[in-house]
Structure formats: structure tokens, C-alpha cells
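Participant: Quick one: the structure is below, questions incoming.
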Amino acid sequence: AGRLILAEGGDSAGDLRALDLRSGKILPDRFDRPAPAANTLFDKVAISPDGKLVAAGSRAGQRPTVVIWDRQGGNAVALIREEGLELNGLAWDSAGTRLALAVDARVAVHAISPKPVPGPSRDFEKSEPAQPPAAVTAVEWLRDGRLAVGTASGRIQLWNPADDTLVRPAGGASSGPVRTLLATRDGKYLAGAGEDLTIRLWSFAGDRLTPIRVAGGFSHSERINTLAAFRDGPIL
């Protein structure tokens, strides 16, 4: 408790570090790398809902790679390597047993129990035939087991990996690439943001996303890369 897991940026080695939120100091925790990921630079982190597993994803320009560690011991317990050019996002499901990866214009789901087993995948280039191919730039699990998928075209789609059904809800769109998606724990709301400098909020029910207008708006001066919510309340 009281720790924040960070992926180092800049010109550093792209390693993971643990930060003590109370003291503000970097802890000596180590996250050992498996040999195939010895030179991988990480810039994406996702922690399983129970806090026991830490997944880190590779930077752009490297083969899409994810390493999963036991948070307590820092031991690597799983390695996932996908074919493609870029890993754009990763997300745990609510049970912490499945990990979704956004790779180029595709979403791939891996079961993690105890080792990764490739599951369903979907190519989203084919799901937008009237538009040029758009990379998948954000993924988020919903409470009902579907995935919210954001693309570089600004569209948000709902995909069910269980039966491969896809819904393109009206109102679920931004004016620029979607870089992050966040679903509330009660399953009622979805937030998204990215390169149009605006956080958008929708109420969520079934296959409908209804935009919620917020007084004063949620505009920023630079691209928004990540959204997070407090566990004990509806604060974004």
C-alpha cells in the first residue's frame, strides 16, 4: 500500500520503479527482466485490480512486448510478445485474469492463469470500411465483459471478445485520436480523452453512449495521455 509504480521516461532505460507516496522516495524494489525483454524500453503500466500483478508494455518503435511481474517479489511471471509495429495500450479486466493489448489496428486478449494464453483478437481496420485504416490507441474493459476501443480516427467502439460482436454507438466519438479511456466501477460512465485536448464523459447503458455536458468543460492546453479515478469515489 502507498506505492506508485512508474515507468521511467526520457533517455533512461525504460525500467520500472516503485515510489513511496508517503515519503516521495524511490524504493529499492526490483523488477527482474526475462532474457527476451532485456533491452525492452517500457512506457506503459497496468496493475491488476487486486494489486498483485504489474504489467508493463513496450515503447513505440519496438516489437510489442508485455512483461508481467509479481508485485511483491518483483519476479517476472509472464511474457507476451505480439507481431506488429507498436503497442498502444493495455488493460486488465475486473477479475485480473485477462489482459487486453492494443497493437497497431488490432486488439488482442490474453488469459493470464497462471501463464498467458492467446485468446480472441479483432482487426479494427476492417470495422471502419468507410474511413482510412485507424490504429487502436486506447482500450478499457467494461463491467459487462466488453471492451471499449478508441481509435486514431476518434471513434469509440464496443467489442465483445466472447462472441466477436461489435457496436459503434452514436455519440461515442472525439475530434481527434483517443489516447485514454476510463470506465467507472459501477459501469454507468465512460470517460475518454486524447489529442483534441478535451476530456469527454458519457453515460453508459447497453449499446448507448450519451454525451454528458459539463459546465466549464474539461479542456486542456496539451494532449491528454491518461485518466484515473479514485477507488472510493466518483472523482476523475
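By order in the C-alpha cells, chains are A, B, ...; within a chain, residues start at 1; ligands start at 1, following the order shown.
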Contacts of A:Asn225 at 7 Å or less, counting only C-alpha atoms, minus same-chain residues fewer than 3 places along, as a ChimeraX atom specification?
Facilitator: /A:179-180,194
Participant: Those residues you just picked out, can you put them in a file as a PDB file, in the first residue's frame with all heavy atoms?
Facilitator:
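Output file result-v3.pdb follows:
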ATOM      1  N   ARG A 179      -6.615   8.740 -26.752  1.00  0.00           N
ATOM      2  CA  ARG A 179      -5.401   8.215 -26.142  1.00  0.00           C
ATOM      3  C   ARG A 179      -5.653   7.464 -24.843  1.00  0.00           C
ATOM      4  O   ARG A 179      -4.810   6.692 -24.393  1.00  0.00           O
ATOM      5  CB  ARG A 179      -4.407   9.357 -25.880  1.00  0.00           C
ATOM      6  CG  ARG A 179      -3.836   9.971 -27.144  1.00  0.00           C
ATOM      7  CD  ARG A 179      -2.990   8.979 -27.896  1.00  0.00           C
ATOM      8  NE  ARG A 179      -2.539   9.495 -29.182  1.00  0.00           N
ATOM      9  CZ  ARG A 179      -1.875   8.784 -30.074  1.00  0.00           C
ATOM     10  NH1 ARG A 179      -1.591   7.513 -29.822  1.00  0.00           N
ATOM     11  NH2 ARG A 179      -1.517   9.315 -31.218  1.00  0.00           N
ATOM     12  N   THR A 180      -6.793   7.680 -24.219  1.00  0.00           N
ATOM     13  CA  THR A 180      -7.085   7.019 -22.949  1.00  0.00           C
ATOM     14  C   THR A 180      -8.587   6.897 -22.746  1.00  0.00           C
ATOM     15  O   THR A 180      -9.350   7.781 -23.160  1.00  0.00           O
ATOM     16  CB  THR A 180      -6.438   7.791 -21.774  1.00  0.00           C
ATOM     17  OG1 THR A 180      -6.757   7.145 -20.537  1.00  0.00           O
ATOM     18  CG2 THR A 180      -6.909   9.231 -21.717  1.00  0.00           C
ATOM     19  N   GLY A 194      -7.757  12.667 -25.328  1.00  0.00           N
ATOM     20  CA  GLY A 194      -6.646  12.433 -26.242  1.00  0.00           C
ATOM     21  C   GLY A 194      -6.139  13.699 -26.869  1.00  0.00           C
ATOM     22  O   GLY A 194      -5.929  14.712 -26.196  1.00  0.00           O
TER      23      GLY A 194
END
Participant: Record the distance separating atom CA of A:Thr184 and atom CA of A:Gly145, expressed in Å with one decimal.
Facilitator: 13.5 Å
Participant: Going by DSSP on the backbone, which residues of stretch 2-216 of chain A come out as strand (DSSP E or B)? List them as a ChimeraX atom specification.
Facilitator: /A:3-7,16-20,26,42-47,53-58,65-70,76-81,87-92,98-103,106-112,116-123,136-141,147-151,155-160,165-167,173,178-183,189-194,198,200-205,208-212
Participant: Atom CA of A:Gly73 and atom CA of A:Pro36, how far apart in Å?
Facilitator: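 Straight-line distance from atom CA of A:Pro36 to atom CA of A:Gly73 works out to 19.9 Å.
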Participant: Do you know which residues are at most 7 Å from A:Leu53 counting only C-alpha atoms, after dropping those on the same chain fewer than 6 positions away, and could you put them as a PyMOL selection string?
Facilitator: chain A and resi 47+68-71
Participant: Could you dump the residues just selected with all heavy atoms as a compact mmCIF listing (two decimals), in the first residue's frame?
Facilitator:
# COMPACT_ATOMS: atom_id res chain seq x y z
N ILE A 47 -1.78 -2.19 -13.46
CA ILE A 47 -1.74 -3.03 -12.27
C ILE A 47 -3.08 -3.76 -12.16
O ILE A 47 -4.14 -3.16 -12.33
CB ILE A 47 -1.48 -2.18 -11.02
CG1 ILE A 47 -0.11 -1.49 -11.16
CG2 ILE A 47 -1.51 -3.03 -9.75
CD1 ILE A 47 0.21 -0.53 -10.04
N ILE A 68 4.87 -9.30 -17.26
CA ILE A 68 4.01 -9.27 -16.07
C ILE A 68 4.84 -9.75 -14.88
O ILE A 68 5.50 -10.80 -14.94
CB ILE A 68 2.77 -10.16 -16.25
CG1 ILE A 68 1.97 -9.67 -17.47
CG2 ILE A 68 1.90 -10.14 -15.00
CD1 ILE A 68 0.81 -10.57 -17.83
N TRP A 69 4.79 -8.97 -13.80
CA TRP A 69 5.55 -9.29 -12.59
C TRP A 69 4.62 -9.53 -11.40
O TRP A 69 3.53 -8.95 -11.32
CB TRP A 69 6.46 -8.13 -12.20
CG TRP A 69 7.65 -7.90 -13.07
CD1 TRP A 69 8.88 -8.44 -12.96
CD2 TRP A 69 7.73 -6.98 -14.17
NE1 TRP A 69 9.72 -7.94 -13.93
CE2 TRP A 69 9.04 -7.03 -14.69
CE3 TRP A 69 6.81 -6.11 -14.76
CZ2 TRP A 69 9.45 -6.27 -15.77
CZ3 TRP A 69 7.21 -5.36 -15.85
CH2 TRP A 69 8.52 -5.44 -16.33
N ASP A 70 5.10 -10.34 -10.46
CA ASP A 70 4.52 -10.42 -9.13
C ASP A 70 4.96 -9.16 -8.39
O ASP A 70 6.16 -8.93 -8.21
CB ASP A 70 5.05 -11.68 -8.43
CG ASP A 70 4.75 -11.70 -6.94
OD1 ASP A 70 3.82 -11.01 -6.51
OD2 ASP A 70 5.48 -12.39 -6.21
N ARG A 71 4.01 -8.33 -7.96
CA ARG A 71 4.36 -7.04 -7.38
C ARG A 71 5.19 -7.17 -6.10
O ARG A 71 6.10 -6.38 -5.86
CB ARG A 71 3.10 -6.21 -7.08
CG ARG A 71 3.42 -4.79 -6.60
CD ARG A 71 2.16 -4.03 -6.28
NE ARG A 71 1.45 -4.60 -5.14
CZ ARG A 71 1.75 -4.34 -3.88
NH1 ARG A 71 2.76 -3.54 -3.58
NH2 ARG A 71 1.05 -4.88 -2.91
Participant: Find the residues near A:Ala78: any atom within 7 Å, counting only C-alpha atoms, skip ones fewer than 6 places away on the same chain, and give them as a PyMOL selection string.
Facilitator: chain A and resi 67-68+115-116
Participant: Atom CA of A:Ala108 and atom CA of A:Gln72 are how many Å apart?
Facilitator: 27.1 Å
Participant: From the options A:Val77, A:Glu86, A:Leu147, A:Arg30, which residue's atoms come nearest to A:Ala100, counting only C-alpha atoms?
Facilitator: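 That would be A:Leu147, the residue with the smallest distance to A:Ala100.
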